[in-house]
file structure24.cif (mmCIF, C-alpha atoms)
data_target
#
loop_
_atom_site.label_atom_id
_atom_site.label_comp_id
_atom_site.auth_asym_id
_atom_site.auth_seq_id
_atom_site.Cartn_x
_atom_site.Cartn_y
_atom_site.Cartn_z
CA MET A 1 59.33 -8.07 -5.97
CA GLY A 2 61.84 -7.19 -3.27
CA ASN A 3 65.47 -6.60 -2.46
CA THR A 4 67.79 -9.56 -1.94
CA VAL A 5 68.85 -9.94 1.68
CA CYS A 6 71.95 -12.07 2.39
CA LEU A 7 71.95 -13.00 6.07
CA PHE A 8 72.69 -16.03 8.19
CA GLY A 9 69.00 -16.32 9.17
CA GLY A 10 65.63 -14.68 8.88
CA CYS A 11 62.06 -14.89 10.16
CA ILE A 12 59.14 -15.20 7.74
CA PRO A 13 55.89 -13.74 9.22
CA GLN A 14 52.62 -15.65 9.34
CA SER A 15 50.54 -15.61 6.10
CA ASN A 16 53.72 -15.00 4.09
CA VAL A 17 56.19 -17.10 2.15
CA GLY A 18 59.84 -16.40 1.46
CA VAL A 19 61.70 -16.90 -1.81
CA VAL A 20 65.28 -18.16 -1.37
CA GLU A 21 67.93 -17.82 -4.09
CA GLN A 22 71.35 -19.39 -4.42
CA TRP A 23 73.92 -17.45 -6.41
CA GLY A 24 71.09 -15.42 -7.93
CA ARG A 25 69.04 -18.43 -8.97
CA PHE A 26 65.75 -19.58 -7.44
CA GLN A 27 66.26 -22.39 -4.99
CA ARG A 28 63.16 -22.89 -2.84
CA VAL A 29 60.11 -21.37 -1.14
CA VAL A 30 60.17 -21.24 2.67
CA GLN A 31 57.11 -21.20 4.92
CA PRO A 32 56.48 -18.90 7.93
CA GLY A 33 58.97 -19.27 10.72
CA PHE A 34 62.71 -18.81 11.36
CA HIS A 35 65.12 -20.08 8.71
CA PHE A 36 68.95 -20.24 8.40
CA PHE A 37 70.68 -19.16 5.21
CA ASN A 38 74.26 -19.90 4.27
CA PRO A 39 75.67 -16.82 2.59
CA PHE A 40 78.99 -18.62 2.05
CA ALA A 41 77.12 -21.11 -0.17
CA GLY A 42 75.38 -18.22 -2.00
CA GLU A 43 72.00 -18.57 -0.22
CA CYS A 44 69.96 -15.47 0.48
CA LEU A 45 66.36 -14.36 1.00
CA ALA A 46 65.29 -12.80 -2.29
CA GLY A 47 61.89 -11.57 -1.08
CA VAL A 48 58.68 -12.20 0.84
CA LEU A 49 55.19 -12.63 -0.64
CA SER A 50 51.95 -12.24 1.28
CA THR A 51 49.46 -15.08 0.93
CA ARG A 52 46.54 -13.03 2.31
CA ILE A 53 43.58 -12.18 0.12
CA SER A 54 44.07 -8.86 -1.63
CA SER A 55 41.31 -6.72 -3.14
CA LEU A 56 41.48 -4.65 -6.31
CA ASP A 57 38.70 -2.25 -7.37
CA VAL A 58 38.44 -1.69 -11.11
CA ARG A 59 36.17 0.89 -12.76
CA VAL A 60 35.32 0.09 -16.38
CA GLU A 61 33.49 2.44 -18.75
CA THR A 62 31.76 0.83 -21.71
CA LYS A 63 28.63 1.01 -23.86
CA THR A 64 25.57 -1.25 -23.92
CA LYS A 65 23.72 -2.60 -26.95
CA ASP A 66 21.16 0.23 -26.77
CA ASN A 67 23.97 2.85 -26.85
CA VAL A 68 23.98 3.76 -23.16
CA PHE A 69 27.35 4.55 -21.61
CA VAL A 70 27.78 2.91 -18.22
CA GLN A 71 30.47 2.54 -15.61
CA LEU A 72 30.97 -0.84 -13.96
CA LEU A 73 32.67 -1.05 -10.59
CA CYS A 74 34.23 -4.49 -10.07
CA SER A 75 35.93 -5.77 -6.93
CA ILE A 76 38.46 -8.57 -7.56
CA GLN A 77 39.72 -10.62 -4.62
CA TYR A 78 42.87 -12.63 -5.30
CA ARG A 79 45.79 -14.25 -3.47
CA VAL A 80 49.17 -15.89 -4.12
CA ILE A 81 49.16 -19.69 -4.43
CA LYS A 82 51.73 -20.96 -1.91
CA GLU A 83 52.85 -23.86 -4.11
CA ASN A 84 53.43 -21.51 -7.07
CA ALA A 85 54.88 -18.58 -5.15
CA ASP A 86 57.98 -18.61 -7.37
CA ASP A 87 55.84 -17.95 -10.46
CA ALA A 88 54.09 -15.06 -8.69
CA PHE A 89 57.48 -13.67 -7.61
CA TYR A 90 59.31 -13.88 -10.93
CA GLU A 91 56.71 -13.86 -13.73
CA LEU A 92 54.74 -10.66 -13.12
CA GLN A 93 56.20 -7.24 -12.42
CA ASN A 94 52.81 -5.67 -11.59
CA PRO A 95 49.95 -8.18 -11.10
CA LYS A 96 47.34 -5.44 -10.45
CA GLU A 97 47.84 -3.91 -13.88
CA GLN A 98 47.60 -7.35 -15.48
CA ILE A 99 44.30 -8.13 -13.69
CA GLN A 100 42.89 -4.72 -14.58
CA ALA A 101 43.74 -5.20 -18.26
CA TYR A 102 41.88 -8.52 -18.43
CA VAL A 103 38.85 -7.07 -16.64
CA PHE A 104 38.71 -4.27 -19.21
CA ASP A 105 39.01 -6.74 -22.09
CA VAL A 106 36.30 -9.16 -20.93
CA THR A 107 33.70 -6.61 -19.81
CA ARG A 108 34.05 -4.55 -22.98
CA ALA A 109 33.50 -7.72 -25.00
CA ILE A 110 30.37 -8.87 -23.12
CA VAL A 111 28.50 -5.70 -22.12
CA PRO A 112 28.00 -4.33 -25.68
CA ARG A 113 25.91 -7.45 -26.42
CA MET A 114 23.38 -6.56 -23.68
CA ASN A 115 20.73 -3.90 -23.27
CA LEU A 116 20.84 -1.75 -20.14
CA ASP A 117 18.00 -3.66 -18.47
CA GLU A 118 19.64 -6.99 -19.33
CA LEU A 119 22.91 -5.75 -17.85
CA PHE A 120 21.24 -5.02 -14.52
CA GLU A 121 19.50 -8.41 -14.58
CA GLN A 122 22.57 -10.41 -15.67
CA LYS A 123 25.42 -8.65 -13.92
CA GLY A 124 26.23 -11.97 -12.25
CA GLU A 125 26.86 -13.48 -15.68
CA VAL A 126 29.33 -10.70 -16.47
CA ALA A 127 31.17 -11.31 -13.20
CA LYS A 128 31.23 -15.06 -13.92
CA ALA A 129 32.75 -14.51 -17.37
CA VAL A 130 35.47 -12.23 -15.95
CA LEU A 131 36.20 -14.79 -13.21
CA GLU A 132 36.63 -17.63 -15.68
CA GLU A 133 39.00 -15.63 -17.85
CA LEU A 134 41.10 -14.38 -14.94
CA GLU A 135 41.36 -17.84 -13.33
CA LYS A 136 42.65 -19.27 -16.58
CA VAL A 137 45.23 -16.53 -17.14
CA MET A 138 46.37 -15.61 -13.63
CA GLY A 139 46.67 -19.25 -12.54
CA GLU A 140 49.67 -19.58 -14.83
CA TYR A 141 51.38 -16.78 -12.89
CA GLY A 142 50.82 -18.24 -9.44
CA TYR A 143 47.68 -16.24 -8.50
CA ASN A 144 44.25 -17.59 -7.56
CA ILE A 145 41.15 -15.45 -8.15
CA GLU A 146 38.89 -15.96 -5.14
CA HIS A 147 35.86 -13.82 -5.96
CA ILE A 148 34.70 -11.16 -8.40
CA LEU A 149 31.91 -8.86 -7.29
CA MET A 150 30.03 -6.55 -9.64
CA VAL A 151 29.61 -3.85 -7.01
CA ASP A 152 27.78 -1.20 -8.99
CA ILE A 153 26.47 -0.30 -12.44
CA ILE A 154 26.33 3.45 -13.00
CA PRO A 155 24.56 4.69 -16.17
CA ASP A 156 24.96 8.22 -17.45
CA SER A 157 23.21 10.83 -15.29
CA SER A 158 20.71 11.75 -18.03
CA VAL A 159 19.77 8.08 -18.41
CA ARG A 160 19.25 7.74 -14.65
CA ARG A 161 16.93 10.74 -14.65
CA ALA A 162 14.96 9.29 -17.56
CA MET A 163 14.65 5.92 -15.81
CA ASN A 164 13.41 7.61 -12.64
CA GLU A 165 10.85 9.61 -14.62
CA ILE A 166 9.59 6.44 -16.34
CA ASN A 167 9.25 4.71 -13.00
CA ALA A 168 7.46 7.71 -11.49
CA ALA A 169 5.07 7.88 -14.46
CA GLN A 170 4.22 4.19 -14.13
CA ARG A 171 3.52 4.60 -10.42
CA MET A 172 1.35 7.68 -11.10
CA GLN A 173 -0.60 5.71 -13.70
CA LEU A 174 -1.18 2.88 -11.23
CA ALA A 175 -2.21 5.37 -8.54
CA SER A 176 -4.71 6.97 -10.97
CA VAL A 177 -6.27 3.57 -11.66
CA TYR A 178 -6.69 2.88 -7.94
CA LYS A 179 -8.06 6.39 -7.37
CA GLY A 180 -10.58 5.96 -10.20
CA GLU A 181 -11.74 2.62 -8.78
CA ALA A 182 -12.15 4.19 -5.35
CA GLU A 183 -14.19 7.10 -6.75
CA LYS A 184 -16.32 4.64 -8.71
CA ILE A 185 -17.10 2.68 -5.55
CA LEU A 186 -17.96 5.90 -3.71
CA GLN A 187 -20.33 7.00 -6.48
CA VAL A 188 -22.04 3.61 -6.55
CA LYS A 189 -22.46 3.55 -2.77
CA LYS A 190 -23.71 7.14 -2.82
CA ALA A 191 -26.29 6.30 -5.50
CA GLU A 192 -27.41 3.23 -3.56
CA ALA A 193 -27.77 5.32 -0.41
CA GLU A 194 -29.79 7.99 -2.23
CA ALA A 195 -32.06 5.36 -3.75
CA GLU A 196 -32.63 3.77 -0.36
CA ALA A 197 -33.30 7.19 1.21
CA LYS A 198 -35.85 8.07 -1.49
CA TYR A 199 -37.55 4.72 -1.06
CA LEU A 200 -37.81 5.15 2.70
CA GLY A 201 -38.96 8.75 2.23
CA GLY A 202 -41.72 7.57 -0.09
CA VAL A 203 -42.77 4.93 2.41
CA GLY A 204 -42.91 7.62 5.13
CA VAL A 205 -45.00 9.98 3.00
CA ALA A 206 -47.39 7.18 2.11
CA ARG A 207 -47.82 6.25 5.77
CA GLN A 208 -48.27 9.93 6.67
CA ARG A 209 -51.02 10.35 4.10
CA GLN A 210 -52.65 7.14 5.23
CA ALA A 211 -52.61 8.38 8.84
CA ILE A 212 -54.12 11.73 7.79
CA THR A 213 -56.83 9.96 5.82
CA ASP A 214 -57.69 7.65 8.72
CA GLY A 215 -57.75 10.59 11.16
CA MET A 216 -60.01 12.69 8.98
CA ARG A 217 -62.38 9.75 8.46
CA GLU A 218 -62.56 9.18 12.20
CA ASN A 219 -63.21 12.87 12.87
CA ILE A 220 -66.00 12.97 10.31
CA LEU A 221 -67.72 9.93 11.79
CA ASN A 222 -67.44 11.25 15.35
CA PHE A 223 -68.74 14.67 14.37
CA SER A 224 -71.68 13.19 12.48
CA HIS A 225 -72.67 11.01 15.42
CA LYS A 226 -72.39 13.76 18.03
CA VAL A 227 -74.04 16.59 16.02
CA GLU A 228 -77.38 15.45 14.73
CA GLY A 229 -78.62 16.66 11.39
CA THR A 230 -75.18 17.01 9.81
CA SER A 231 -74.06 15.03 6.86
CA ALA A 232 -70.59 13.75 6.11
CA LYS A 233 -70.27 16.20 3.24
CA GLU A 234 -70.93 19.20 5.48
CA VAL A 235 -68.42 18.00 8.05
CA MET A 236 -65.85 17.49 5.31
CA ASP A 237 -66.38 20.98 3.95
CA LEU A 238 -65.92 22.42 7.44
CA ILE A 239 -62.69 20.49 7.96
CA MET A 240 -61.34 21.55 4.53
CA ILE A 241 -62.05 25.21 5.23
CA THR A 242 -60.32 24.95 8.60
CA GLN A 243 -57.28 23.25 7.03
CA TYR A 244 -57.23 25.84 4.26
CA PHE A 245 -57.05 28.79 6.67
CA ASP A 246 -54.48 27.03 8.85
CA THR A 247 -52.27 26.57 5.78
CA ILE A 248 -52.52 30.25 4.85
CA LYS A 249 -51.68 31.17 8.43
CA ASP A 250 -48.58 28.94 8.44
CA LEU A 251 -47.36 30.48 5.18
CA GLY A 252 -47.69 33.96 6.63
CA ASN A 253 -45.86 33.08 9.85
CA SER A 254 -42.97 31.27 8.13
CA SER A 255 -39.57 32.95 8.54
CA LYS A 256 -38.60 31.93 5.00
CA ASN A 257 -41.84 32.93 3.36
CA THR A 258 -41.93 33.77 -0.33
CA THR A 259 -44.65 35.14 -2.53
CA VAL A 260 -47.24 32.45 -3.19
CA PHE A 261 -50.15 33.02 -5.59
CA ILE A 262 -53.13 30.82 -4.79
CA PRO A 263 -56.80 31.19 -5.78
CA HIS A 264 -58.84 32.56 -2.91
CA GLY A 265 -62.57 32.84 -2.46
CA PRO A 266 -65.58 30.71 -1.37
CA GLY A 267 -65.83 29.05 -4.76
CA HIS A 268 -62.19 28.12 -4.82
CA VAL A 269 -62.36 26.77 -1.30
CA ARG A 270 -65.24 24.57 -2.37
CA ASP A 271 -63.23 23.33 -5.37
CA ILE A 272 -60.27 22.46 -3.15
CA GLY A 273 -62.53 20.65 -0.72
CA GLU A 274 -64.13 18.65 -3.53
CA GLN A 275 -60.71 17.64 -4.86
CA ILE A 276 -59.52 16.45 -1.44
CA ARG A 277 -62.79 14.66 -0.77
CA ASN A 278 -62.64 12.89 -4.10
CA GLY A 279 -59.09 11.85 -3.34
CA LEU A 280 -60.07 10.43 0.03
CA MET A 281 -63.01 8.60 -1.45
CA GLU A 282 -60.81 7.08 -4.18
CA SER A 283 -58.28 5.99 -1.57
CA ALA A 284 -60.97 4.41 0.56
CA SER A 285 -62.48 2.57 -2.43
CA ALA A 286 -59.05 1.30 -3.42
CA GLN A 287 -58.50 -0.10 0.09
CA ILE A 288 -61.90 -1.78 0.03
CA SER A 289 -61.18 -3.37 -3.34
CA LEU A 290 -57.82 -4.65 -2.08
CA LYS A 291 -59.50 -6.30 0.90
#
call {"tool": "encode", "arguments": {"input": "structure24.cif", "output": "structure tokens"}}
result
Amino acid sequence: MGNTVCLFGGCIPQSNVGVVEQWGRFQRVVQPGFHFFNPFAGECLAGVLSTRISSLDVRVETKTKDNVFVQLLCSIQYRVIKENADDAFYELQNPKEQIQAYVFDVTRAIVPRMNLDELFEQKGEVAKAVLEELEKVMGEYGYNIEHILMVDIIPDSSVRRAMNEINAAQRMQLASVYKGEAEKILQVKKAEAEAEAKYLGGVGVARQRQAITDGMRENILNFSHKVEGTSAKEVMDLIMITQYFDTIKDLGNSSKNTTVFIPHGPGHVRDIGEQIRNGLMESASAQISLK
């Protein structure tokens, strides 16, 4: 762990301990501060150990239960136990290699019993198992394991791509469901709006026809009272002929006129007038019956 230094005195830095030998044999552990050594009695400073927390990163490659190769990055934090500094100084030549070997052994015994998803969910259990094993073994050599962190789990690149594609497909499926629900709501609202519009349009047409009927009735009565000797039928025929020619005129003046075939002649005009008159009379009788 260090070269033997035979001096009359030496200073041990803070967060360190010194190992003192006498005639090549361990004698005592000295704490930080200045100490005198008697080289004539065979005392010397054999070495200095740091009691600070050290960190060791270990990368382990293993296989899961579902045959996926993964790399686990573990961070082990350890330190020398002051009371057992002599064991740490004399027992282990290379403590880092010893810790790394036990990490390999424990993780490769636990991980193959887990699926990949279980490994991500239970990585704390893997770290706990490694910690228990290392505390039991390294404590005998004067080292205390402070913490073990499972920093990262790295699956094979092809597995990562497959996992990302699965996740993306699930999100696309969820988005399609939401999109379908939104389109369904739009269609329902659109249908409701069209139904309401048609209902209101029908109400407007009915009111328009009622207003036309009332206006024509009023015109007929006024004309009959002011022009003596005329009957309601004659006035109605006159109004129908006037409306008929006005309609033909509007069709001819329309900018978007198309070819319209309609029967034309005095007889046909009379037929149209009779049809309208019958309709008005039926409407009037229906109103009277409702009252």
call {"tool": "resolve_selection", "arguments": {"input": "structure24.cif", "expression": "the PyMOL selection byres ((chain A and resi 8-21) around 8)", "output": "VMD selection string"}}
result
chain A and resid 6 to 7 22 to 39 42 to 52 82 85 to 86 89
call {"tool": "residues_around", "arguments": {"input": "structure24.cif", "residues": "segment 91-106 of chain A", "least_positions_apart": "5", "cutoff": "8 Å", "atoms": "only C-alpha atoms", "output": "PyMOL selection string"}}
result
chain A and resi 1+56+58+60+129-130+133-134+138+141
call {"tool": "atom_distance", "arguments": {"input": "structure24.cif", "atom1": "atom CA of Lys63 of chain A", "atom2": "atom CA of Lys128 of chain A"}}
result
19.1 Å
call {"tool": "residues_around", "arguments": {"input": "structure24.cif", "residues": "segment 121-123 of chain A", "least_positions_apart": "3", "cutoff": "12 Å", "atoms": "all atoms listed in the file", "output": "number ranges by chain"}}
result
A: 72-74, 107, 110-111, 113-118, 126-130, 148-153
call {"tool": "atom_distance", "arguments": {"input": "structure24.cif", "atom1": "atom CA of Pro155 of chain A", "atom2": "atom CA of Leu119 of chain A"}}
result
10.7 Å
call {"tool": "atom_distance", "arguments": {"input": "structure24.cif", "atom1": "atom CA of Asp156 of chain A", "atom2": "atom CA of Glu61 of chain A"}}
result
10.4 Å
call {"tool": "axis_aligned_box", "arguments": {"input": "structure24.cif", "around": "segment 30-39 of chain A", "padding_each_side": "3 Å", "output": "JSON"}}
result
{"center_x": 66.1, "center_y": -19.0, "center_z": 7.0, "size_x": 25.2, "size_y": 10.4, "size_z": 14.8}
call {"tool": "closest_residue", "arguments": {"input": "structure24.cif", "among": "A:Tyr143, A:Tyr78, A:Phe40, A:Tyr178", "to": "Ser55 of chain A", "atoms": "all atoms listed in the file"}}
result
A:Tyr78
call {"tool": "build_atoms", "arguments": {"input": "structure24.cif", "residues": "segment 142-166 of chain A", "atoms": "N, CA and C atoms", "output": "compact mmCIF listing (two decimals), in the coordinates of the input"}}
result
# COMPACT_ATOMS: atom_id res chain seq x y z
N GLY A 142 50.76 -17.97 -10.86
CA GLY A 142 50.82 -18.24 -9.44
C GLY A 142 49.79 -17.48 -8.60
N TYR A 143 48.73 -16.97 -9.23
CA TYR A 143 47.68 -16.24 -8.50
C TYR A 143 46.36 -16.97 -8.64
N ASN A 144 45.59 -16.99 -7.57
CA ASN A 144 44.25 -17.59 -7.56
C ASN A 144 43.22 -16.48 -7.36
N ILE A 145 42.22 -16.45 -8.26
CA ILE A 145 41.15 -15.45 -8.15
C ILE A 145 40.06 -16.04 -7.27
N GLU A 146 39.87 -15.45 -6.11
CA GLU A 146 38.89 -15.96 -5.14
C GLU A 146 37.46 -15.58 -5.51
N HIS A 147 37.21 -14.31 -5.67
CA HIS A 147 35.86 -13.82 -5.96
C HIS A 147 35.95 -12.60 -6.85
N ILE A 148 34.88 -12.40 -7.64
CA ILE A 148 34.70 -11.16 -8.40
C ILE A 148 33.29 -10.65 -8.12
N LEU A 149 33.20 -9.46 -7.63
CA LEU A 149 31.91 -8.86 -7.29
C LEU A 149 31.64 -7.67 -8.22
N MET A 150 30.46 -7.69 -8.84
CA MET A 150 30.03 -6.55 -9.64
C MET A 150 29.32 -5.60 -8.67
N VAL A 151 30.09 -4.68 -8.12
CA VAL A 151 29.61 -3.85 -7.01
C VAL A 151 28.53 -2.88 -7.46
N ASP A 152 28.72 -2.25 -8.59
CA ASP A 152 27.78 -1.20 -8.99
C ASP A 152 27.78 -1.04 -10.50
N ILE A 153 26.62 -0.65 -11.03
CA ILE A 153 26.47 -0.30 -12.44
C ILE A 153 25.93 1.11 -12.48
N ILE A 154 26.68 2.02 -13.05
CA ILE A 154 26.33 3.45 -13.00
C ILE A 154 26.10 3.95 -14.42
N PRO A 155 24.82 4.10 -14.85
CA PRO A 155 24.56 4.69 -16.17
C PRO A 155 24.85 6.18 -16.16
N ASP A 156 24.80 6.77 -17.34
CA ASP A 156 24.96 8.22 -17.45
C ASP A 156 23.86 8.93 -16.66
N SER A 157 24.16 10.11 -16.16
CA SER A 157 23.21 10.83 -15.29
C SER A 157 21.90 11.12 -16.01
N SER A 158 21.95 11.46 -17.30
CA SER A 158 20.71 11.75 -18.03
C SER A 158 19.86 10.49 -18.16
N VAL A 159 20.51 9.35 -18.32
CA VAL A 159 19.77 8.08 -18.41
C VAL A 159 19.13 7.75 -17.07
N ARG A 160 19.83 8.00 -15.98
CA ARG A 160 19.25 7.74 -14.65
C ARG A 160 18.02 8.60 -14.41
N ARG A 161 18.10 9.87 -14.82
CA ARG A 161 16.93 10.74 -14.65
C ARG A 161 15.75 10.24 -15.48
N ALA A 162 16.03 9.81 -16.71
CA ALA A 162 14.96 9.29 -17.56
C ALA A 162 14.34 8.03 -16.96
N MET A 163 15.17 7.15 -16.43
CA MET A 163 14.65 5.92 -15.81
C MET A 163 13.79 6.25 -14.60
N ASN A 164 14.20 7.21 -13.81
CA ASN A 164 13.41 7.61 -12.64
C ASN A 164 12.07 8.22 -13.06
N GLU A 165 12.09 9.00 -14.15
CA GLU A 165 10.85 9.61 -14.62
C GLU A 165 9.89 8.54 -15.15
N ILE A 166 10.43 7.53 -15.84
CA ILE A 166 9.59 6.44 -16.34
C ILE A 166 8.96 5.70 -15.17
